[in-house]
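The next block is structure-v4.txt, given as compact mmCIF, C-alpha atoms.
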# COMPACT_ATOMS: atom_id res chain seq x y z
CA LEU T 30 3.52 29.48 -14.49
CA ILE T 31 5.60 28.74 -17.60
CA TYR T 32 2.97 27.16 -19.85
CA ASP T 33 -0.16 28.90 -18.60
CA PHE T 34 1.17 32.44 -18.06
CA ILE T 35 4.67 33.20 -19.40
CA PHE T 36 4.34 31.64 -22.89
CA PRO T 37 0.86 33.15 -23.51
CA PHE T 38 2.13 36.53 -22.31
CA PHE T 39 4.98 36.54 -24.85
CA SER T 40 2.58 35.42 -27.58
CA LEU T 41 0.31 38.31 -26.66
CA CYS T 42 3.19 40.79 -26.87
CA ILE T 43 4.21 39.49 -30.32
CA ILE T 44 0.64 39.76 -31.62
CA VAL T 45 0.22 43.33 -30.34
CA LEU T 46 3.56 44.38 -31.90
CA THR T 47 2.56 42.77 -35.18
CA MET T 48 -0.80 44.54 -35.06
CA GLY T 49 0.99 47.81 -34.38
CA SER T 50 3.04 47.44 -37.53
CA VAL T 51 -0.19 47.19 -39.57
CA ARG T 52 -2.62 49.45 -37.68
CA PRO T 53 -1.18 51.26 -34.60
CA ILE T 54 -4.62 52.48 -33.55
CA LEU T 55 -5.91 48.90 -33.42
CA ALA T 56 -2.90 47.82 -31.34
CA LEU T 57 -3.71 50.61 -28.88
CA ILE T 58 -7.34 49.47 -28.70
CA LEU T 59 -6.21 45.90 -28.02
CA ILE T 60 -3.88 46.99 -25.23
CA ILE T 61 -6.62 49.05 -23.54
CA TRP T 62 -9.10 46.19 -23.90
CA VAL T 63 -6.65 43.64 -22.49
CA LEU T 64 -5.96 45.81 -19.43
CA ILE T 65 -9.70 46.34 -18.79
CA PHE T 66 -10.44 42.64 -19.36
CA VAL T 67 -7.72 41.48 -16.96
CA LYS T 68 -8.71 44.06 -14.34
CA VAL T 69 -12.38 43.02 -14.42
CA SER T 70 -11.52 39.31 -14.42
CA PHE T 71 -9.18 39.61 -11.45
CA SER T 72 -11.74 41.68 -9.56
CA LEU T 73 -14.33 38.97 -10.08
CA SER T 74 -11.87 36.30 -8.85
CA VAL T 75 -11.68 37.74 -5.33
CA ARG T 76 -14.90 36.00 -4.36
CA VAL T 77 -13.75 32.72 -5.94
CA GLN T 78 -11.02 32.04 -3.35
CA VAL T 79 -13.39 32.69 -0.44
CA LEU T 80 -16.07 30.41 -1.88
CA SER T 81 -13.54 27.69 -2.73
CA GLU T 82 -12.17 27.72 0.80
CA GLN T 83 -15.71 27.51 2.22
CA LEU T 84 -16.52 24.64 -0.17
CA SER T 85 -13.37 22.80 0.89
CA GLU T 86 -14.38 23.17 4.53
CA LYS T 87 -17.87 21.78 3.81
CA TYR T 88 -16.36 18.88 1.87
CA THR T 89 -13.83 18.09 4.61
CA THR T 90 -16.58 18.13 7.24
CA LEU T 91 -18.75 15.82 5.15
CA VAL T 92 -15.93 13.32 4.53
CA GLY T 93 -14.91 13.45 8.19
CA LYS T 94 -18.44 12.65 9.34
CA LEU T 95 -18.76 9.90 6.74
CA ILE T 96 -15.54 8.25 7.94
CA ASP T 97 -16.67 8.67 11.54
CA SER T 98 -19.96 6.91 10.75
CA VAL T 99 -18.29 4.06 8.87
CA THR T 100 -15.60 3.42 11.51
CA ASN T 101 -18.31 3.33 14.17
CA ILE T 102 -20.69 1.24 12.09
CA LEU T 103 -21.13 -1.29 14.90
CA ALA T 104 -22.44 1.42 17.25
CA VAL T 105 -24.74 2.68 14.47
CA ARG T 106 -26.23 -0.79 14.09
CA LEU T 107 -26.47 -1.66 17.78
CA PHE T 108 -28.19 1.64 18.61
CA ALA T 109 -30.41 1.46 15.50
CA ARG T 110 -29.22 4.88 14.33
CA ARG T 111 -28.95 4.19 10.60
CA LYS T 112 -31.67 6.71 9.65
CA TYR T 113 -30.19 9.29 12.01
CA GLU T 114 -26.73 8.95 10.41
CA ILE T 115 -28.19 9.13 6.90
CA LYS T 116 -30.10 12.28 7.82
CA LEU T 117 -27.01 13.83 9.40
CA LEU T 118 -24.87 13.09 6.35
CA ALA T 119 -27.61 14.31 4.00
CA THR T 120 -27.74 17.63 5.82
CA MET T 121 -24.00 18.10 5.43
CA ALA T 122 -24.12 16.99 1.80
CA GLU T 123 -26.82 19.59 1.13
CA ALA T 124 -24.64 22.29 2.71
CA LYS T 125 -21.77 21.25 0.42
CA VAL T 126 -24.04 21.26 -2.67
CA GLU T 127 -25.34 24.75 -1.78
CA LYS T 128 -21.79 26.06 -1.62
CA GLU T 129 -20.97 24.34 -4.94
CA GLU T 130 -24.00 26.01 -6.51
CA GLU T 131 -22.92 29.39 -5.17
CA LEU T 132 -19.46 28.88 -6.66
CA GLY T 133 -21.03 27.70 -9.93
CA TRP T 134 -23.23 30.81 -10.18
CA ASN T 135 -20.20 32.99 -9.50
CA ASP T 136 -18.33 31.25 -12.34
CA LEU T 137 -21.33 31.69 -14.63
CA LYS T 138 -21.55 35.43 -13.94
CA ARG T 139 -17.82 35.84 -14.46
CA ASN T 140 -17.85 33.91 -17.74
CA ALA T 141 -20.87 35.87 -18.98
CA CYS T 142 -19.12 39.15 -18.19
CA MET T 143 -15.97 38.02 -19.99
CA ASP T 144 -18.04 36.84 -22.99
CA ILE T 145 -19.73 40.22 -23.27
CA MET T 146 -16.39 42.05 -23.15
CA ALA T 147 -14.90 39.75 -25.80
CA ASN T 148 -17.90 40.17 -28.10
CA ILE T 149 -17.80 43.96 -27.67
CA LEU T 150 -14.14 44.00 -28.79
CA ILE T 151 -14.86 41.81 -31.81
CA LEU T 152 -17.90 43.92 -32.75
CA ILE T 153 -15.91 47.16 -32.51
CA LEU T 154 -13.06 45.83 -34.64
CA ILE T 155 -15.32 44.29 -37.26
CA SER T 156 -17.29 47.55 -37.51
CA TYR T 157 -14.05 49.48 -37.85
CA LEU T 158 -12.73 47.11 -40.52
CA ILE T 159 -15.98 47.24 -42.52
CA ILE T 160 -15.99 51.03 -42.47
CA GLU T 161 -12.34 51.20 -43.50
CA ARG T 162 -12.94 48.65 -46.27
CA GLN T 163 -15.85 50.68 -47.65
CA LYS T 164 -13.57 53.72 -47.72
CA GLY T 165 -10.96 51.68 -49.56
CA ASN T 166 -8.43 52.20 -46.79
CA ILE T 167 -7.91 48.49 -46.12
CA ARG T 168 -7.36 45.42 -48.26
CA ILE T 169 -9.07 42.07 -47.92
CA ARG T 170 -5.88 40.37 -46.72
CA ASP T 171 -5.40 43.05 -44.04
CA PHE T 172 -9.03 42.59 -43.02
CA ALA T 173 -8.51 38.85 -42.53
CA PHE T 174 -5.09 39.33 -40.91
CA ILE T 175 -6.32 41.86 -38.31
CA LEU T 176 -9.46 39.86 -37.49
CA THR T 177 -7.38 36.69 -37.02
CA LEU T 178 -4.96 38.46 -34.69
CA THR T 179 -7.85 39.95 -32.72
CA LEU T 180 -9.45 36.55 -32.21
CA SER T 181 -6.06 35.17 -31.15
CA VAL T 182 -5.71 37.95 -28.55
CA VAL T 183 -9.18 37.16 -27.20
CA ASP T 184 -8.34 33.45 -26.95
CA ILE T 185 -4.99 34.04 -25.25
CA VAL T 186 -6.31 36.54 -22.71
CA TRP T 187 -9.31 34.29 -22.04
CA ASP T 188 -6.99 31.33 -21.40
CA ILE T 189 -4.75 33.37 -19.10
CA THR T 190 -7.68 34.53 -16.98
CA ARG T 191 -9.25 31.04 -17.03
CA HIS T 192 -6.02 29.49 -15.75
CA TYR T 193 -5.74 32.21 -13.14
CA MET T 194 -9.30 31.56 -11.98
CA LYS T 195 -8.57 27.83 -11.78
CA PHE T 196 -5.44 28.56 -9.79
CA ILE T 197 -7.36 30.78 -7.36
CA GLU T 198 -10.08 28.16 -7.03
CA ASN T 199 -7.56 25.38 -6.28
CA PHE T 200 -5.68 27.62 -3.89
CA GLY T 201 -8.90 28.24 -2.01
CA LYS T 202 -9.51 24.49 -1.80
CA CYS T 203 -5.99 23.95 -0.49
CA ALA T 204 -6.09 26.85 1.96
CA GLN T 205 -7.87 24.88 4.68
CA ALA T 206 -5.41 21.97 4.45
CA LEU T 207 -2.49 24.39 4.39
CA LYS T 208 -3.62 25.85 7.71
CA THR T 209 -2.81 22.47 9.23
CA ILE T 210 0.14 21.48 7.06
CA VAL T 211 2.15 24.69 7.49
CA VAL T 212 1.83 24.75 11.28
CA PRO T 213 5.44 24.54 12.55
CA HIS T 214 6.47 21.57 14.68
CA ALA T 215 6.16 22.32 18.39
CA ILE T 216 9.09 20.07 19.31
CA LYS T 217 12.30 20.54 17.33
CA ASP T 218 15.94 19.60 17.76
CA MET T 219 18.11 22.48 18.92
CA SER T 220 20.64 23.71 16.37
CA GLU T 221 23.48 22.48 18.58
CA ALA T 222 21.75 19.21 19.58
CA ARG T 223 24.09 16.24 19.99
CA PRO T 224 23.43 12.49 19.96
CA LEU T 225 22.38 11.03 23.31
CA ILE T 226 24.92 8.63 24.77
CA VAL T 227 23.42 6.20 27.28
CA GLU T 228 25.84 4.09 29.31
CA LYS T 229 24.04 3.68 32.64
CA GLY T 230 20.43 4.69 32.00
CA MET T 231 19.91 7.01 34.97
CA ILE T 232 16.85 9.29 34.61
CA GLU T 233 16.25 12.43 36.62
CA PHE T 234 13.34 14.87 36.68
CA LYS T 235 14.47 18.24 38.04
CA ASN T 236 11.69 20.50 39.28
CA ILE T 237 9.54 20.07 36.16
CA ASN T 238 6.35 21.99 35.46
CA PHE T 239 3.93 20.94 32.76
CA SER T 240 0.44 22.11 31.76
CA VAL T 241 -2.00 21.09 29.05
CA GLY T 242 -4.93 22.77 27.38
CA GLU T 243 -5.71 26.21 28.73
CA GLY T 244 -2.92 26.19 31.28
CA ARG T 245 -4.32 23.23 33.26
CA PRO T 246 -1.35 22.12 35.38
CA ILE T 247 -0.37 18.45 35.43
CA PHE T 248 3.00 18.65 37.19
CA GLN T 249 4.20 21.46 39.43
CA GLY T 250 7.75 21.30 40.70
CA LEU T 251 7.99 17.52 40.30
CA SER T 252 11.41 16.02 41.06
CA LEU T 253 12.29 12.34 40.75
CA LYS T 254 15.53 10.43 40.39
CA ILE T 255 15.63 6.93 38.90
CA GLU T 256 18.93 5.17 39.35
CA ALA T 257 20.59 3.12 36.60
CA ASN T 258 19.04 -0.37 36.27
CA GLU T 259 16.31 0.52 38.78
CA LYS T 260 12.83 -0.88 38.14
CA ILE T 261 10.14 1.69 38.84
CA GLY T 262 6.39 1.11 38.94
CA ILE T 263 4.02 4.06 38.52
CA VAL T 264 0.44 3.88 39.76
CA GLY T 265 -2.37 6.32 40.36
CA GLN T 266 -5.92 7.15 39.41
CA SER T 267 -6.81 8.01 35.81
CA GLY T 268 -5.69 11.55 35.07
CA SER T 269 -2.98 11.59 37.73
CA GLY T 270 -0.24 12.03 35.08
CA LYS T 271 1.22 8.53 34.70
CA THR T 272 1.23 8.33 30.90
CA THR T 273 2.10 12.01 30.64
CA LEU T 274 5.24 11.40 32.67
CA LEU T 275 6.33 8.70 30.23
CA ASN T 276 5.53 10.88 27.22
CA LEU T 277 7.72 13.63 28.62
CA ILE T 278 10.69 11.24 28.77
CA VAL T 279 10.45 10.43 25.06
CA ARG T 280 9.63 14.08 24.19
CA LEU T 281 6.22 13.49 22.71
CA MET T 282 5.68 16.73 24.59
CA ASP T 283 8.04 19.15 26.31
CA VAL T 284 8.06 20.39 29.89
CA ASP T 285 7.16 24.04 30.48
CA SER T 286 10.09 24.48 32.82
CA GLY T 287 12.63 22.36 34.63
CA SER T 288 14.61 19.60 32.94
CA ILE T 289 14.72 15.86 32.34
CA LEU T 290 18.17 14.30 32.35
CA ILE T 291 19.34 10.91 31.08
CA ASP T 292 22.83 10.09 32.31
CA GLY T 293 23.23 13.79 33.05
CA GLN T 294 22.24 14.91 29.54
CA ASP T 295 19.27 17.25 29.13
CA ILE T 296 16.96 15.54 26.65
CA LYS T 297 16.11 18.95 25.11
CA LYS T 298 19.75 19.29 24.06
CA VAL T 299 20.04 15.93 22.30
CA THR T 300 18.62 14.79 18.97
CA GLN T 301 15.21 13.17 19.14
CA ASP T 302 16.33 10.26 16.95
CA SER T 303 19.15 9.36 19.35
CA LEU T 304 16.75 9.71 22.30
CA HIS T 305 14.25 7.31 20.76
CA GLN T 306 16.96 4.87 19.69
CA ASN T 307 18.00 4.47 23.32
CA ILE T 308 14.47 3.87 24.68
CA SER T 309 12.17 0.90 24.08
CA PHE T 310 8.60 2.14 24.50
CA ILE T 311 5.56 -0.14 24.57
CA PRO T 312 2.40 2.04 24.69
CA GLN T 313 -1.13 1.14 25.75
CA GLU T 314 -2.23 0.71 22.12
CA PRO T 315 0.25 -1.38 20.09
CA MET T 316 1.43 0.37 16.93
CA LEU T 317 1.50 -2.09 14.04
CA PHE T 318 1.93 -1.47 10.31
CA HIS T 319 -0.14 -3.08 7.58
CA ARG T 320 2.81 -5.36 6.86
CA THR T 321 3.84 -8.89 7.70
CA ILE T 322 4.41 -10.11 11.24
CA TYR T 323 8.09 -10.52 10.43
CA GLU T 324 8.41 -6.89 9.24
CA ASN T 325 6.57 -5.56 12.29
CA ILE T 326 8.86 -7.37 14.74
CA LYS T 327 12.03 -6.54 12.80
CA TYR T 328 11.09 -2.85 12.94
CA GLY T 329 12.71 -2.85 16.37
CA ASN T 330 16.10 -3.67 14.82
CA LEU T 331 16.42 -3.52 11.05
CA GLN T 332 19.78 -5.28 11.17
CA ALA T 333 18.40 -8.30 13.03
CA SER T 334 18.62 -11.73 11.44
CA GLU T 335 15.66 -14.03 10.90
CA GLU T 336 16.81 -16.16 13.83
CA GLU T 337 16.91 -13.12 16.13
CA VAL T 338 13.40 -12.11 15.07
CA GLU T 339 12.07 -15.58 15.86
CA GLU T 340 13.91 -15.64 19.18
CA ALA T 341 12.30 -12.33 20.16
CA ALA T 342 8.88 -13.76 19.24
CA LYS T 343 9.53 -16.82 21.40
CA LYS T 344 10.49 -14.66 24.39
CA ALA T 345 7.27 -12.69 23.93
CA PHE T 346 5.27 -15.94 23.72
CA ALA T 347 4.10 -14.98 20.23
CA GLN T 348 5.62 -17.95 18.40
CA GLY T 349 2.58 -20.16 19.05
CA PHE T 350 -0.09 -18.05 17.40
CA ILE T 351 2.32 -16.95 14.62
CA LYS T 352 2.94 -20.55 13.60
CA SER T 353 -0.82 -21.20 13.60
CA PHE T 354 -1.25 -18.89 10.60
CA PRO T 355 -0.85 -20.55 7.16
CA LYS T 356 1.80 -18.01 6.13
CA GLY T 357 3.43 -17.82 9.57
CA TYR T 358 5.74 -14.83 9.89
CA HIS T 359 4.74 -13.65 6.41
CA THR T 360 1.12 -13.09 7.44
CA LEU T 361 -0.19 -9.57 6.85
CA VAL T 362 -1.58 -8.15 10.09
CA GLY T 363 -4.03 -5.71 8.49
CA GLU T 364 -4.33 -2.00 9.08
CA ARG T 365 -3.08 -1.29 12.63
CA GLY T 366 -3.12 -5.04 13.24
CA SER T 367 -6.87 -5.36 12.67
CA THR T 368 -6.67 -9.10 11.88
CA LEU T 369 -5.12 -9.89 15.27
CA SER T 370 -6.59 -9.94 18.75
CA GLY T 371 -5.58 -7.32 21.31
CA GLY T 372 -3.32 -9.76 23.12
CA GLN T 373 -1.63 -10.86 19.90
CA ARG T 374 -0.94 -7.26 18.91
CA GLN T 375 0.53 -6.57 22.34
CA ARG T 376 2.81 -9.61 22.16
CA LEU T 377 4.17 -8.47 18.79
CA ALA T 378 4.86 -5.04 20.29
CA ILE T 379 6.71 -6.71 23.19
CA ALA T 380 8.70 -8.86 20.74
CA ARG T 381 9.70 -5.73 18.86
CA ALA T 382 10.89 -4.11 22.10
CA ILE T 383 12.84 -7.26 23.00
CA LEU T 384 14.57 -7.10 19.62
CA LYS T 385 15.40 -3.40 20.05
CA ASN T 386 17.09 -4.16 23.38
CA SER T 387 17.55 -0.54 24.55
CA LYS T 388 19.11 0.44 27.85
CA ILE T 389 15.87 2.11 28.96
CA LEU T 390 12.56 0.22 28.84
CA ILE T 391 9.17 1.91 29.25
CA LEU T 392 5.96 -0.10 29.57
CA ASP T 393 2.64 1.74 29.55
CA GLU T 394 -0.01 -0.87 30.45
CA ALA T 395 1.92 -3.27 28.18
CA THR T 396 0.09 -6.35 29.47
CA SER T 397 -3.37 -4.81 29.76
CA ALA T 398 -4.71 -6.65 26.70
CA LEU T 399 -3.49 -10.09 27.79
CA ASP T 400 -5.37 -12.85 29.53
CA SER T 401 -4.08 -13.95 32.95
CA GLU T 402 -2.26 -17.04 31.67
CA THR T 403 -0.50 -15.21 28.85
CA GLU T 404 0.29 -12.32 31.16
CA HIS T 405 2.03 -14.74 33.51
CA TYR T 406 4.31 -15.98 30.72
CA ILE T 407 4.91 -12.44 29.51
CA GLN T 408 5.91 -11.38 33.01
CA GLU T 409 8.43 -14.20 33.08
CA SER T 410 9.88 -13.13 29.73
CA LEU T 411 9.95 -9.47 30.84
CA LYS T 412 12.06 -10.45 33.84
CA GLY T 413 14.81 -11.48 31.46
CA LEU T 414 14.27 -8.40 29.31
CA MET T 415 14.51 -6.09 32.33
CA GLN T 416 17.92 -7.36 33.38
CA ASN T 417 20.56 -4.59 33.36
CA LYS T 418 18.00 -2.02 32.21
CA THR T 419 16.32 1.01 33.69
CA VAL T 420 12.61 0.21 33.62
CA LEU T 421 9.49 2.32 34.08
CA VAL T 422 6.18 0.48 34.23
CA VAL T 423 2.73 2.05 34.36
CA ALA T 424 0.07 -0.43 35.41
CA HIS T 425 -3.45 -0.41 36.80
CA ARG T 426 -3.13 -4.11 37.58
CA LEU T 427 -0.94 -3.85 40.67
CA SER T 428 0.03 -7.52 40.63
CA THR T 429 2.35 -6.72 37.71
CA LEU T 430 4.42 -4.40 39.95
CA LEU T 431 5.26 -6.78 42.77
CA GLN T 432 8.88 -7.25 41.62
CA MET T 433 9.57 -3.55 41.12
CA ASP T 434 12.43 -2.00 43.14
CA ARG T 435 10.29 1.03 43.85
CA ILE T 436 6.69 2.03 43.24
CA ILE T 437 5.67 5.68 42.73
CA VAL T 438 2.11 6.70 43.56
CA LEU T 439 0.90 9.78 41.68
CA ASN T 440 -2.08 11.88 42.67
CA ASP T 441 -2.95 15.17 40.93
CA GLY T 442 0.50 15.28 39.38
CA LYS T 443 2.35 14.86 42.67
CA ILE T 444 4.25 11.95 44.18
CA VAL T 445 2.27 11.16 47.31
CA GLU T 446 3.84 7.80 48.15
CA GLU T 447 6.87 5.75 47.16
CA GLY T 448 8.49 2.52 48.24
CA ASN T 449 8.29 -1.19 47.46
CA HIS T 450 5.10 -3.21 47.56
CA LYS T 451 5.37 -4.29 51.20
CA SER T 452 6.31 -0.88 52.58
CA LEU T 453 3.47 0.82 50.71
CA LEU T 454 0.94 -1.65 52.11
CA LEU T 455 2.17 -0.83 55.62
CA GLN T 456 1.62 2.88 55.00
CA LYS T 457 -2.09 2.16 54.49
CA GLY T 458 -2.39 5.05 52.03
CA HIS T 459 -3.40 5.36 48.40
CA TYR T 460 -1.51 2.27 47.26
CA ALA T 461 -2.96 0.10 50.00
CA LYS T 462 -6.41 1.34 49.06
CA PHE T 463 -5.87 0.45 45.38
CA TRP T 464 -4.51 -2.97 46.36
CA ASN T 465 -7.44 -3.81 48.61
CA MET T 466 -9.94 -2.69 46.00
CA GLN T 467 -8.41 -5.00 43.38
CA LEU T 468 -7.93 -7.83 45.87
CA HIS T 469 -11.54 -7.78 47.01
CA THR T 470 -13.24 -6.91 43.72
CA PRO T 471 -16.14 -9.36 43.45
CA LEU T 472 -16.29 -11.59 40.42
CA ALA T 473 -19.13 -10.91 38.00
Would it be possible to restate this file's structure as structure tokens?
Amino acid sequence: LIYDFIFPFFSLCIIVLTMGSVRPILALILIIWVLIFVKVSFSLSVRVQVLSEQLSEKYTTLVGKLIDSVTNILAVRLFARRKYEIKLLATMAEAKVEKEEELGWNDLKRNACMDIMANILILILISYLIIERQKGNIRIRDFAFILTLTLSVVDIVWDITRHYMKFIENFGKCAQALKTIVVPHAIKDMSEARPLIVEKGMIEFKNINFSVGEGRPIFQGLSLKIEANEKIGIVGQSGSGKTTLLNLIVRLMDVDSGSILIDGQDIKKVTQDSLHQNISFIPQEPMLFHRTIYENIKYGNLQASEEEVEEAAKKAFAQGFIKSFPKGYHTLVGERGSTLSGGQRQRLAIARAILKNSKILILDEATSALDSETEHYIQESLKGLMQNKTVLVVAHRLSTLLQMDRIIVLNDGKIVEEGNHKSLLLQKGHYAKFWNMQLHTPLA
């Protein structure tokens, strides 16, 4: 704004005033020409923003498809779809090139129009100066002075419009990204939100309703009370709402109505940071940074000492494979832990949760990526971790829930059964059916 518009504008004003002191009629001609030039240029720029936004969309689509193809390169190779992917990307690249050409032709027409207008002004002034010189009404130095000022005006106005066009073009390219970036956060802290204080760890769902997508209901009037230090297992078929229930506790999404209380405090009325600080959450897919093993574990407690980090790794049975790496705890794990196996990533996530040591512990299929032997050791370590904590565990492998105080069976967003392992088997309902299916699943 300062260098491309304000400074040139003041320079333009000074030149016109100087011209007016020599030849007022020429200053008036310059002012009229500048107004017409700017008006025409700005009118031609309307199409630029639209084309730039369309070009940005084509480019984004092309890059998105390219990334999708590369990240799924194994599927491309195994299904012998290399030619198909190349053809698909070529089609999208052609669409992008067509839009670039359209924008290029628009720029060419605009520049040609501006060139013609500039040349017309110069031709008029030169003709006027020649005629006045022949009449003896103007001196050579005035001739040179006026022509120099005129060319300066043309250059300045051209630069101003060129910068404006570039601005409009860049704005059009950014417009698509801005549509995503400027979308307000759906979940915000209330203005009067206070820090969550957890002393017992009691969780209560009070008549909650929650829908996703186009009003598709997940929970309708669900109520559930989890006592302090109670260990709860949650089972059910895929899509029954198990993971959604956990996500609602940590406010990755908000209920439509009803409330969720932790030690009597509505989680909507507390700060999200304090909520998350008081909950250790281990999701289905471990979340690891492209940093060292030590940094990833310590993320659970930034004030932890090196000894505490190693102790957490031992409790998660991660010490063995960590020590097998040449750099040990200083080994980079790769993007999202790509250099580690699924079980190794999960054990690091468990170690991080052990180090965080929150009053509430949530496990969403936390041992799903482990082999049976490792899972056994992890279960033993989790027993110690679960002491004096409120625990919620989602698991498809029912053997991991045998020590739970209570097991909740969800079906279509409703609690259809609850009780401990033995009592649920006696009910011969959904849980018993799941148990028998897993117990009698034939080996491959």
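The nearest approach to T:Leu73 among the residues T:Ser98, T:Ile444, T:Cys142, T:Val105, with all atoms listed in the file taken into account, belongs to T:Cys142.
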Neighbour list for T:His450 as a list in words, cut-off 10 Å, only C-alpha atoms, skip fewer than 6 positions in-chain:
Gly262, Leu427, Ser428, Leu430, Leu431, Gln432, Met433, Asp434, Arg435, Ile436, Tyr460, Ala461 and Trp464 of chain T
For T:Pro315, list every protein, DNA or RNA residue within 7 Å, evaluated using all atoms listed in the file, and leave out those in the same chain fewer than 5 positions away; present the list as a list in words.
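Non-adjacent residues within range: Arg374, Gln375 and Ala378 of chain T.
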Determine, counting only C-alpha atoms, which protein, DNA and RNA residues have an atom within 7 Å of an atom of T:Ile291; residues of the same chain fewer than 6 positions away are not included. Present the result as a PyMOL selection string.
chain T and resi 230-233
Who sits within 8 Å of T:Asp285, all atoms listed in the file, same chain under 5 positions skipped, as a ChimeraX atom specification:
/T:237-240
